[in-house]
Structure formats: C-alpha cells, structure tokens
$ cat my_file-v9.txt   # compact mmCIF, C-alpha atoms and all ligand atoms
# COMPACT_ATOMS: atom_id res chain seq x y z
CA MET Q 284 84.37 19.61 -93.33
CA ARG Q 285 81.20 21.20 -94.64
CA LYS Q 286 79.25 19.23 -92.07
CA ILE Q 287 81.53 20.35 -89.26
CA LEU Q 288 81.20 23.91 -90.47
CA SER Q 289 77.44 23.72 -90.60
CA GLY Q 290 77.43 22.27 -87.07
CA VAL Q 291 79.58 25.12 -85.83
CA LEU Q 292 77.30 27.59 -87.59
CA THR Q 293 74.27 26.03 -85.96
CA VAL Q 294 75.78 26.66 -82.56
CA ILE Q 295 76.58 30.24 -83.45
CA ILE Q 296 73.03 30.73 -84.71
CA LEU Q 297 71.66 29.34 -81.50
CA ALA Q 298 73.90 31.49 -79.40
CA ALA Q 299 72.75 34.53 -81.36
CA ALA Q 300 69.10 33.58 -81.57
CA VAL Q 301 68.37 32.61 -78.00
CA ILE Q 302 67.25 35.82 -76.42
CA SER Q 303 69.22 37.13 -73.45
CA PHE Q 304 68.80 35.14 -70.29
CA GLY Q 305 67.94 38.11 -68.09
CA SER Q 306 69.39 38.35 -64.65
CA TYR Q 307 68.75 35.98 -61.83
CA ARG Q 308 70.60 34.67 -58.84
CA THR Q 309 73.39 32.26 -59.61
CA SER Q 310 71.91 29.50 -57.50
CA VAL Q 311 72.63 25.89 -58.36
CA GLN Q 312 69.27 25.65 -60.15
CA THR Q 313 69.89 28.64 -62.39
CA ARG Q 314 73.58 28.23 -63.10
CA LEU Q 315 74.09 27.84 -66.82
CA TYR Q 316 76.11 24.90 -67.99
CA THR Q 317 77.22 24.88 -71.65
CA ARG Q 318 79.14 22.21 -73.51
CA ARG Q 319 79.81 21.20 -77.09
CA GLU Q 320 81.12 17.95 -78.40
CA PHE Q 321 81.68 16.56 -81.87
CA VAL Q 322 79.60 13.39 -82.09
CA MET Q 323 77.41 11.63 -84.71
CA GLY Q 324 79.45 13.40 -87.39
CA THR Q 325 78.01 16.66 -86.15
CA LEU Q 326 77.96 19.02 -83.18
CA LEU Q 327 76.10 18.18 -80.02
CA SER Q 328 75.60 21.33 -78.01
CA LEU Q 329 73.91 21.88 -74.71
CA GLN Q 330 72.83 24.80 -72.59
CA ALA Q 331 71.32 23.50 -69.39
CA TYR Q 332 70.38 24.62 -65.92
CA GLY Q 333 70.44 22.47 -62.82
CA PRO Q 334 72.91 20.71 -60.55
CA ASN Q 335 73.20 17.53 -62.63
CA ALA Q 336 73.63 19.11 -66.04
CA GLU Q 337 77.28 18.11 -66.35
CA THR Q 338 76.67 14.43 -65.57
CA ALA Q 339 73.64 14.45 -67.85
CA PHE Q 340 75.78 15.80 -70.66
CA SER Q 341 78.44 13.09 -70.19
CA ASP Q 342 75.75 10.42 -70.26
CA THR Q 343 74.25 12.01 -73.37
CA VAL Q 344 77.59 11.98 -75.19
CA ARG Q 345 78.04 8.30 -74.34
CA ARG Q 346 74.56 7.55 -75.63
CA MET Q 347 75.16 9.51 -78.86
CA HIS Q 348 78.27 7.44 -79.55
CA GLU Q 349 76.27 4.27 -78.98
CA ILE Q 350 73.53 5.38 -81.38
CA THR Q 351 76.10 6.41 -84.02
CA ASP Q 352 78.01 3.13 -83.75
CA ARG Q 353 74.75 1.30 -84.37
CA MET Q 354 73.23 3.39 -87.13
CA THR Q 355 75.92 5.12 -89.17
CA ILE Q 356 76.38 3.89 -92.69
CA ASN Q 357 79.86 5.39 -92.84
CA ASP Q 358 81.80 3.17 -90.42
CA ALA Q 359 82.53 -0.52 -90.37
CA GLY Q 360 80.67 -2.55 -87.76
CA SER Q 361 77.42 -0.58 -87.70
CA GLU Q 362 74.15 -2.47 -87.87
CA THR Q 363 73.08 -0.64 -91.03
CA LEU Q 364 76.29 -1.66 -92.76
CA LEU Q 365 75.78 -5.27 -91.62
CA LEU Q 366 72.28 -5.14 -93.08
CA LYS Q 367 73.71 -4.08 -96.43
CA GLN Q 368 76.44 -6.72 -96.33
CA HIS Q 369 73.85 -9.40 -95.56
CA ALA Q 370 71.37 -8.32 -98.23
CA ALA Q 371 69.99 -11.38 -100.06
CA ILE Q 372 71.98 -13.58 -97.65
CA ALA Q 373 70.41 -13.55 -94.19
CA PRO Q 374 68.40 -11.46 -91.74
CA VAL Q 375 70.45 -9.38 -89.30
CA GLU Q 376 69.66 -9.06 -85.60
CA LEU Q 377 69.25 -5.42 -84.65
CA SER Q 378 69.49 -3.61 -81.33
CA ALA Q 379 66.21 -2.28 -79.98
CA ASP Q 380 67.39 1.22 -81.00
CA THR Q 381 68.00 0.42 -84.65
CA PHE Q 382 64.89 -1.72 -84.91
CA PHE Q 383 62.80 1.14 -83.50
CA VAL Q 384 64.31 3.82 -85.75
CA LEU Q 385 64.07 1.66 -88.88
CA SER Q 386 60.43 0.79 -88.05
CA ARG Q 387 59.55 4.47 -87.66
CA ALA Q 388 61.35 5.27 -90.93
CA LEU Q 389 59.29 2.59 -92.69
CA ASP Q 390 56.09 4.03 -91.18
CA TYR Q 391 56.97 7.39 -92.73
CA ALA Q 392 57.81 5.72 -96.04
CA GLU Q 393 54.31 4.24 -95.96
CA SER Q 394 52.56 7.49 -95.02
CA THR Q 395 54.42 9.49 -97.70
CA ASN Q 396 53.88 6.86 -100.41
CA GLY Q 397 57.60 6.29 -100.59
CA ALA Q 398 58.76 9.91 -100.97
CA PHE Q 399 60.58 9.37 -97.69
CA ASP Q 400 62.40 6.07 -98.08
CA PRO Q 401 65.19 4.75 -95.83
CA THR Q 402 66.24 2.30 -98.58
CA ILE Q 403 67.57 5.37 -100.45
CA GLU Q 404 71.07 4.28 -99.35
CA PRO Q 405 72.40 3.03 -102.74
CA LEU Q 406 71.62 6.45 -104.25
CA VAL Q 407 73.03 8.40 -101.29
CA SER Q 408 76.23 6.34 -101.59
CA LEU Q 409 76.38 7.03 -105.31
CA TRP Q 410 76.12 10.82 -104.99
CA ARG Q 411 78.03 11.19 -101.71
CA ILE Q 412 76.73 14.73 -101.28
CA GLY Q 413 78.43 16.32 -98.29
CA PHE Q 414 81.66 14.37 -98.77
CA PRO Q 415 84.77 15.54 -100.61
CA ASP Q 416 84.34 12.91 -103.34
CA ALA Q 417 80.73 13.88 -104.18
CA ARG Q 418 79.96 13.81 -107.91
CA VAL Q 419 77.06 13.83 -110.35
CA PRO Q 420 76.56 10.18 -111.34
CA GLU Q 421 76.03 9.09 -114.95
CA PRO Q 422 72.34 8.45 -115.81
CA ASN Q 423 73.03 4.74 -116.29
CA GLU Q 424 74.53 4.53 -112.78
CA ILE Q 425 71.38 6.09 -111.36
CA ASP Q 426 69.18 3.73 -113.40
CA SER Q 427 71.06 0.75 -112.03
CA LYS Q 428 70.39 1.83 -108.41
CA LEU Q 429 66.73 2.80 -108.74
CA PRO Q 430 65.34 -0.77 -108.54
CA LEU Q 431 67.18 -1.22 -105.22
CA VAL Q 432 65.20 1.57 -103.58
CA ASP Q 433 61.95 0.12 -102.31
CA TYR Q 434 60.95 0.34 -98.67
CA SER Q 435 58.13 -2.18 -99.15
CA ARG Q 436 60.68 -4.97 -99.63
CA VAL Q 437 62.30 -4.57 -96.19
CA GLN Q 438 61.32 -7.53 -94.03
CA LEU Q 439 61.09 -6.78 -90.31
CA ASN Q 440 60.61 -9.50 -87.72
CA GLU Q 441 59.63 -7.88 -84.46
CA ALA Q 442 59.65 -11.07 -82.38
CA GLU Q 443 63.26 -11.76 -83.31
CA SER Q 444 64.30 -8.11 -83.73
CA THR Q 445 65.70 -8.77 -87.19
CA ALA Q 446 65.60 -7.08 -90.56
CA TYR Q 447 66.27 -8.54 -93.98
CA LEU Q 448 66.98 -6.84 -97.29
CA PRO Q 449 66.06 -9.34 -100.01
CA VAL Q 450 68.08 -7.92 -102.92
CA ALA Q 451 71.88 -7.70 -103.10
CA GLY Q 452 72.93 -4.05 -103.18
CA MET Q 453 70.01 -2.80 -101.07
CA GLY Q 454 70.87 -0.73 -98.01
CA VAL Q 455 69.27 1.55 -95.46
CA ASP Q 456 70.24 5.12 -94.61
CA LEU Q 457 68.79 6.51 -91.39
CA GLY Q 458 70.33 9.97 -91.89
CA ALA Q 459 66.95 11.65 -92.15
CA ILE Q 460 65.66 10.38 -88.83
CA ALA Q 461 68.48 9.21 -86.50
CA LYS Q 462 69.42 12.66 -85.20
CA GLY Q 463 65.81 13.18 -84.14
CA PHE Q 464 65.92 9.91 -82.20
CA ALA Q 465 69.20 11.06 -80.62
CA ALA Q 466 67.63 14.39 -79.60
CA ASP Q 467 64.71 12.53 -77.95
CA GLU Q 468 67.17 10.30 -76.12
CA SER Q 469 69.16 13.29 -74.97
CA ARG Q 470 66.00 14.89 -73.58
CA ARG Q 471 65.14 11.66 -71.76
CA ILE Q 472 68.59 11.51 -70.17
CA MET Q 473 68.34 15.15 -69.08
CA GLU Q 474 64.95 14.42 -67.49
CA GLU Q 475 66.34 11.38 -65.68
CA HIS Q 476 68.98 13.64 -64.15
CA GLY Q 477 66.39 16.14 -63.03
CA VAL Q 478 67.32 18.80 -65.60
CA LYS Q 479 64.19 20.84 -66.26
CA SER Q 480 65.50 23.67 -68.38
CA ALA Q 481 67.80 23.00 -71.32
CA LEU Q 482 68.42 23.64 -74.96
CA ILE Q 483 69.86 20.63 -76.74
CA SER Q 484 71.04 20.65 -80.34
CA VAL Q 485 72.04 17.48 -82.15
CA GLY Q 486 73.37 18.86 -85.43
CA GLY Q 487 70.55 21.39 -85.56
CA ASN Q 488 67.83 19.04 -84.30
CA ILE Q 489 66.85 21.13 -81.33
CA TYR Q 490 65.05 20.12 -78.17
CA ALA Q 491 63.93 22.95 -75.93
CA MET Q 492 63.20 21.55 -72.48
CA GLY Q 493 60.94 23.53 -70.19
CA GLU Q 494 61.42 27.29 -70.20
CA LYS Q 495 64.36 29.48 -69.40
CA PRO Q 496 64.81 30.12 -65.68
CA ASP Q 497 63.21 33.56 -66.07
CA ASN Q 498 59.99 31.77 -67.13
CA THR Q 499 60.11 32.86 -70.74
CA PRO Q 500 60.11 30.42 -73.64
CA TRP Q 501 63.23 29.56 -75.57
CA ARG Q 502 63.57 31.67 -78.70
CA ILE Q 503 65.04 29.75 -81.62
CA GLY Q 504 66.17 31.17 -84.94
CA ILE Q 505 65.04 29.63 -88.24
CA GLN Q 506 67.94 29.66 -90.66
CA ASP Q 507 67.65 31.93 -93.69
CA PRO Q 508 67.77 29.26 -96.43
CA LEU Q 509 69.31 31.72 -98.89
CA ASP Q 510 72.03 32.80 -96.51
CA SER Q 511 73.44 29.78 -94.79
CA ARG Q 512 76.10 31.87 -93.06
CA ASN Q 513 74.32 31.81 -89.73
CA ARG Q 514 71.61 34.36 -90.54
CA VAL Q 515 68.11 33.77 -89.26
CA MET Q 516 64.98 34.84 -91.15
CA ALA Q 517 62.54 34.30 -88.30
CA THR Q 518 62.40 33.38 -84.66
CA LEU Q 519 60.08 30.95 -82.99
CA ASP Q 520 59.23 30.69 -79.29
CA VAL Q 521 59.19 27.11 -78.06
CA LYS Q 522 58.71 25.42 -74.73
CA ASP Q 523 58.97 21.67 -74.12
CA GLU Q 524 59.17 21.07 -77.84
CA THR Q 525 61.56 20.06 -80.54
CA LEU Q 526 62.32 22.10 -83.64
CA VAL Q 527 63.83 20.44 -86.70
CA THR Q 528 64.56 22.01 -90.09
CA SER Q 529 65.32 20.36 -93.43
CA GLY Q 530 66.47 22.32 -96.44
CA GLY Q 531 68.38 21.98 -99.65
CA TYR Q 532 70.90 24.56 -98.38
CA GLU Q 533 72.16 22.22 -95.66
CA ARG Q 534 74.32 20.02 -97.88
CA TYR Q 535 74.82 20.24 -101.59
CA LEU Q 536 77.17 19.78 -104.51
CA ASP Q 537 77.77 22.54 -107.04
CA ALA Q 538 78.71 21.12 -110.45
CA GLY Q 539 78.42 22.52 -113.97
CA GLY Q 540 76.51 25.55 -112.74
CA VAL Q 541 73.85 23.42 -111.06
CA ARG Q 542 73.28 23.00 -107.33
CA TYR Q 543 72.46 19.43 -106.30
CA HIS Q 544 71.12 19.10 -102.74
CA HIS Q 545 71.19 16.06 -100.46
CA ILE Q 546 67.52 15.07 -100.26
CA LEU Q 547 66.90 12.64 -103.09
CA ASP Q 548 63.72 11.69 -104.90
CA PRO Q 549 63.47 7.88 -104.73
CA SER Q 550 61.54 7.80 -108.00
CA THR Q 551 64.12 9.69 -110.10
CA GLY Q 552 67.39 9.18 -108.20
CA TYR Q 553 68.09 12.93 -108.45
CA PRO Q 554 67.73 15.65 -105.79
CA ALA Q 555 64.04 16.20 -105.15
CA GLU Q 556 62.51 18.92 -107.27
CA THR Q 557 60.58 20.90 -104.74
CA ASP Q 558 59.26 24.44 -104.57
CA LEU Q 559 60.31 24.59 -100.92
CA LEU Q 560 63.53 26.11 -99.60
CA SER Q 561 63.08 24.70 -96.13
CA VAL Q 562 60.64 23.03 -93.78
CA THR Q 563 60.67 23.47 -90.02
CA ILE Q 564 58.66 21.15 -87.81
CA VAL Q 565 57.76 21.80 -84.19
CA SER Q 566 56.40 18.95 -82.09
CA LYS Q 567 56.94 16.95 -78.92
CA SER Q 568 58.79 14.12 -80.63
CA SER Q 569 62.07 14.83 -82.36
CA ILE Q 570 62.19 11.52 -84.26
CA ASP Q 571 58.84 12.42 -85.82
CA ALA Q 572 59.88 16.02 -86.47
CA ASP Q 573 63.07 14.84 -88.18
CA ALA Q 574 61.24 12.40 -90.46
CA LEU Q 575 58.50 14.96 -91.13
CA SER Q 576 60.82 17.84 -92.02
CA THR Q 577 62.53 15.69 -94.66
CA SER Q 578 59.19 14.28 -95.87
CA LEU Q 579 57.41 17.62 -96.23
CA PHE Q 580 60.43 19.11 -98.01
CA LEU Q 581 60.23 16.25 -100.53
CA MET Q 582 56.48 16.70 -101.05
CA GLY Q 583 56.56 20.35 -102.07
CA ARG Q 584 54.42 23.17 -100.73
CA ASP Q 585 50.85 22.23 -101.57
CA ALA Q 586 51.13 18.56 -100.68
CA ALA Q 587 53.07 19.46 -97.51
CA LEU Q 588 50.35 21.92 -96.43
CA GLU Q 589 47.71 19.31 -97.06
CA TYR Q 590 49.65 16.68 -95.10
CA ALA Q 591 50.10 19.07 -92.16
CA GLN Q 592 46.39 19.85 -92.20
CA ARG Q 593 45.39 16.20 -92.33
CA ASP Q 594 47.84 14.96 -89.71
CA GLY Q 595 47.47 17.75 -87.18
CA GLY Q 596 49.94 16.26 -84.68
CA PHE Q 597 52.63 18.85 -85.33
CA GLU Q 598 53.24 22.46 -86.34
CA ALA Q 599 55.13 23.45 -89.47
CA VAL Q 600 56.75 26.50 -91.06
CA LEU Q 601 57.35 26.19 -94.80
CA ILE Q 602 59.37 28.61 -96.90
CA ASP Q 603 58.77 28.43 -100.64
CA ASP Q 604 60.95 29.61 -103.48
CA ASP Q 605 58.97 32.87 -103.76
CA LEU Q 606 60.11 33.57 -100.18
CA GLY Q 607 56.58 33.04 -98.95
CA VAL Q 608 56.22 31.70 -95.42
CA TYR Q 609 53.37 29.30 -94.67
CA CYS Q 610 52.66 28.08 -91.18
CA THR Q 611 50.14 26.04 -89.26
CA CYS Q 612 47.77 28.12 -87.08
CA GLY Q 613 49.05 26.75 -83.79
CA ILE Q 614 52.34 28.47 -84.34
CA GLN Q 615 51.52 31.73 -86.06
CA ASN Q 616 51.56 33.90 -82.93
CA ARG Q 617 54.89 32.45 -81.84
CA LEU Q 618 56.62 33.18 -85.15
CA THR Q 619 58.37 36.50 -85.80
CA ILE Q 620 59.77 37.14 -89.26
CA VAL Q 621 62.92 39.22 -88.87
CA ASN Q 622 64.00 39.44 -92.52
CA SER Q 623 61.69 41.56 -94.66
CA ASN Q 624 62.55 39.62 -97.81
CA TYR Q 625 60.20 36.97 -96.42
CA THR Q 626 56.43 37.39 -96.30
CA LEU Q 627 53.93 35.51 -94.21
CA VAL Q 628 51.48 34.27 -96.83
CA SER Q 629 49.27 32.00 -94.84
CA GLY Q 630 48.80 30.96 -91.30
CA ASN Q 631 45.42 29.36 -91.84
CA VAL Q 632 46.40 25.77 -92.29
P1 LIG A 1 67.49 15.62 -93.22
O1 LIG A 1 68.70 16.48 -93.11
O2 LIG A 1 66.96 15.13 -91.92
O3 LIG A 1 66.42 16.23 -94.07
O4 LIG A 1 67.93 14.27 -93.95
C1 LIG A 1 68.66 14.26 -95.13
C2 LIG A 1 69.40 12.95 -95.23
O5 LIG A 1 68.47 11.88 -95.38
C3 LIG A 1 70.30 12.84 -96.46
O6 LIG A 1 71.58 13.35 -96.20
C4 LIG A 1 70.32 11.33 -96.70
O7 LIG A 1 71.21 10.70 -95.81
C5 LIG A 1 68.91 10.93 -96.33
N1 LIG A 1 67.95 10.99 -97.45
C6 LIG A 1 68.09 11.58 -98.66
N2 LIG A 1 66.98 11.43 -99.39
C7 LIG A 1 66.09 10.74 -98.62
C8 LIG A 1 64.76 10.26 -98.82
N3 LIG A 1 64.08 10.45 -99.96
N4 LIG A 1 64.17 9.58 -97.80
C9 LIG A 1 64.83 9.35 -96.64
N5 LIG A 1 66.09 9.76 -96.40
C10 LIG A 1 66.71 10.46 -97.37
MG MG A 2 65.09 14.70 -91.25
$ encode --input "my_file-v9.txt" --output "structure tokens" --more "lines below"
Ligand code: AMP
Ligand code: MG
Amino acid sequence: MRKILSGVLTVIILAAAVISFGSYRTSVQTRLYTRREFVMGTLLSLQAYGPNAETAFSDTVRRMHEITDRMTINDAGSETLLLKQHAAIAPVELSADTFFVLSRALDYAESTNGAFDPTIEPLVSLWRIGFPDARVPEPNEIDSKLPLVDYSRVQLNEAESTAYLPVAGMGVDLGAIAKGFAADESRRIMEEHGVKSALISVGGNIYAMGEKPDNTPWRIGIQDPLDSRNRVMATLDVKDETLVTSGGYERYLDAGGVRYHHILDPSTGYPAETDLLSVTIVSKSSIDADALSTSLFLMGRDAALEYAQRDGGFEAVLIDDDLGVYCTCGIQNRLTIVNSNYTLVSGNV
C-alpha cells in the first residue's frame, strides 16, 4: 500500500513540477497523451506527444509486465526466484534481459567494493521493509544471513546465459536496478514508435525524452526528503536524460522509535548508516542512474562526491543531513532550489 501511495505521489509531484506546457496548436504532433498503469508493483506514468503515443504506451506496458515476470523476487515463476531455489543445486538459464541486468548489477557491486550488492536478497527478505509484515530481525537472524551476501560468488556463464548461486539460501534482488532498465526499455519503445517528446516515470525513475513541444526542457521536481508528501525542494531542467532518486524516505519501517530504511548495508545487515538524505542521478542511461543513486546513497557524502568526480559519466545532486545540497558542475545552472531550508553548498565537483 505504501508503495502504491508513493507511486501515486510521484505522479502528483510530476504533474505539479512539470512547468506549464504553454500554448500551441493541437496538431497530431503536439497533442498530449497521458496514461497511468499499475505495473512492476509501482506506477508507470506517461506524458507523450505524437501520433503513436497510445500504441507505444500499450507496448511499454506489455514490456514492463514481461520484465517484472522475469525479475521480481515476490512472485512464483520469476527467474530470480528460480535462481534462489536452485542455489547450490544447478545453474539456471536466464533470459537475455535478466542476464544483462544481473551482469550490470555485479559490475556495480565490483565498482562499489560490494556496498551495492544484488545478493542482498536474504537480508531484504528478512526485513521485508515496505511490506505489511516488515519487522526488525533479531541480531542472530541477521548474523545467519550475512555470509550469504557476497556478489563475488555469483557464477555467470555468458555463453550459456546461465547464473549459479553456489550456497543454499543465496538469492538475488534486482530492486535497485530493474526499474532503471525498464525506463530505458520504455524510452526505446517510444523511439521505435517515433515519439520524440515524452516524460516517462517507472515508479519515479524518470526518462525525459527530447524537449517539450514549445522547445523548453522538461522541469522535474526533486522530492523533499523530509517531506515525502509530494513536496519538491528543487527543480531540475532535463532534456534527453533520465533522473533517478534514491533516499531513505522512500520506504521504511518505524519501530521502537527508530526509523529503518530499505537500503541495507551488506556488511552489517542493517539499513546503511549514511549522512545522505537522498541522491539524484542524471544521465543518459537509466539502468546506470538507478544503480548509481542507490550506490552513492550507500557510500555517504564524501565518498559519493569522490566517486562522482572520478567517474564523470553522470551528474549528481546529493542532499546531506545538514540540508546541504552538493551537485556536480554540469548540472548546477539547471538546478533551482525552491525550499529555503536547503542550501547549495558546493557545485564544484
Ligand atoms: P533504490 O530504490 O533503487 O535505491 O533500491 C532500493 C532497493 O534495492 C531495496 O528496496 C532493495 O530491494 C534493494 N537493496 C537494498 N539494499 C541494497 C544494496 N546494498 N545493494 C543493492 N540493492 C539493495
Ligand atoms: Mg536504484
């Protein structure tokens, strides 16, 4: 329910944050088509211009269902669940989609020294943050799962498109990266149908295609991490780019006066202790932005800034727990802080 709610809120935020469309002739090219659909356990929403937008949306929904059926850990029959069931028994043949997404997730595990780790699944299943039966596990339960979390033990065989988890109880969770893949796929489908101007949101993973028909960039709101009720703390102008945010406010469990968020530290088994409230990534590739937003959130401010500086292939906006905003230079003049509680500390990354 919380997830549905946050999806609905995302759409409201978008509706509020995208600046008015101006006036133009209602030709076929500029007619706005909007649709929402509940898919991937979240809301897929689309605002698109162009004659084929409706068909493109139907194709996108079909594709989202296909991706979910393959990658969700929550329903029987998915490839990730098969992987878990076959741990220490046999390799499992994966679709090209799942093989690709798992490979990218393992690349990020490598480049973050295991802070980002798709084999986090046993811990995610233990906490169940975001589900009605979420609870704080006993320390001994966490200890028993920790040895199962180790990305370096996943065996991929590219020639046969298989993966193997060598220890019973291991599992993979692609929740930090699959929506980004889905957003990239959605953009591809739009392009194939000749849609040149669209705003796609897969549960808040946004792809802004082209510009608005009045030749201005899309203006996207960055959620105020301290006020998750659809308030934005800044806006960002984007064009032909994706924007993905990760934050502890997105899903959490309140218990015994403590807030436990959904991004877990693979080394402790508890929610990552980070001085960041949220991380927003802007880039061309949504799968990368999705993995990076989770990764940089896990790293904390200084390591995240250093990573962004070293990598250079993306732009980032970090909000720390002093309400300081840090961004990469390429984005500073496109960022407008609209809530004066937040201060731009540094744009010189
Ligand atoms: P995101 O909302 O993209 O930041 O991803 C958060 C989701 O990723 C969580 O709900 C879990 O399913 C999964 N996850 C949690 N901790 C980690 C981690 N350390 N590495 C990779 N995925 C994680
Ligand atoms: Mg992510």
$ residues_near_ligand --input "my_file-v9.txt" --ligand "ligand LIG 1 (chain A)" --cutoff "6 Å" --atoms "only C-alpha atoms and all ligand atoms" --output "list in words"
Ala398, Phe399, Asp400, Pro401, Ile403, Asp456, Gly458, Ala459, Ile460, Ser529, His545, Ile546, Leu547, Asp548, Pro549, Asp573 and Thr577 of chain Q
$ atom_distance --input "my_file-v9.txt" --atom1 "atom CA of Q:Lys522" --atom2 "atom CA of Q:Thr317"
18.8 Å
$ residues_near_ligand --input "my_file-v9.txt" --ligand "ligand MG 2 (chain A)" --cutoff "12 Å" --atoms "only C-alpha atoms and all ligand atoms" --output "count of residues only"
47
$ atom_distance --input "my_file-v9.txt" --atom1 "atom CA of Q:Val478" --atom2 "atom CA of Q:Tyr332"
6.6 Å
$ closest_residue --input "my_file-v9.txt" --among "Q:Val375, Q:Ala555, Q:Ile503, Q:Val515" --to "Q:Arg617" --atoms "all atoms listed in the file"
Q:Ile503
$ closest_residue --input "my_file-v9.txt" --among "Q:Ala379, Q:Met354, Q:Leu327, Q:Ile620" --to "Q:Glu441" --atoms "all atoms listed in the file"
Q:Ala379
$ closest_residue --input "my_file-v9.txt" --among "Q:Leu377, Q:Arg411, Q:Ile472, Q:Arg387" --to "Q:Asn440" --atoms "only C-alpha atoms"
Q:Leu377
$ closest_residue --input "my_file-v9.txt" --among "Q:Ala392, Q:Ile350, Q:Val322, Q:Met453" --to "Q:His369" --atoms "only C-alpha atoms"
Q:Met453
$ atom_distance --input "my_file-v9.txt" --atom1 "atom CA of Q:Arg593" --atom2 "atom CA of Q:Asp390"
16.2 Å
$ closest_residue --input "my_file-v9.txt" --among "Q:Glu443, Q:Asp342, Q:Glu393, Q:Glu421" --to "Q:Ser378" --atoms "only C-alpha atoms"
Q:Glu443
$ residues_around --input "my_file-v9.txt" --residues "Q:Ser427" --least-positions-apart "3" --cutoff "10 Å" --atoms "all atoms listed in the file" --output "list in words"
Pro405, Leu406, Pro422, Asn423, Glu424, Pro430, Leu431 and Gly552 of chain Q
$ closest_residue --input "my_file-v9.txt" --among "Q:Ala591, Q:Val455, Q:Met323, Q:Leu315" --to "Q:Glu349" --atoms "only C-alpha atoms"
Q:Met323
$ residues_around --input "my_file-v9.txt" --residues "Q:Gln368" --least-positions-apart "6" --cutoff "10 Å" --atoms "all atoms listed in the file" --output "list of chain:residue names"
Q:Glu362, Q:Val375, Q:Leu448, Q:Ala451, Q:Gly452, Q:Met453, Q:Gly454
$ residues_around --input "my_file-v9.txt" --residues "Q:Tyr490" --least-positions-apart "6" --cutoff "8 Å" --atoms "only C-alpha atoms" --output "list of chain:residue names"
Q:Ala466, Q:Asp467, Q:Arg470, Q:Ala481, Q:Leu482, Q:Ile483, Q:Ser484, Q:Asp523, Q:Glu524, Q:Thr525, Q:Leu526, Q:Ser569
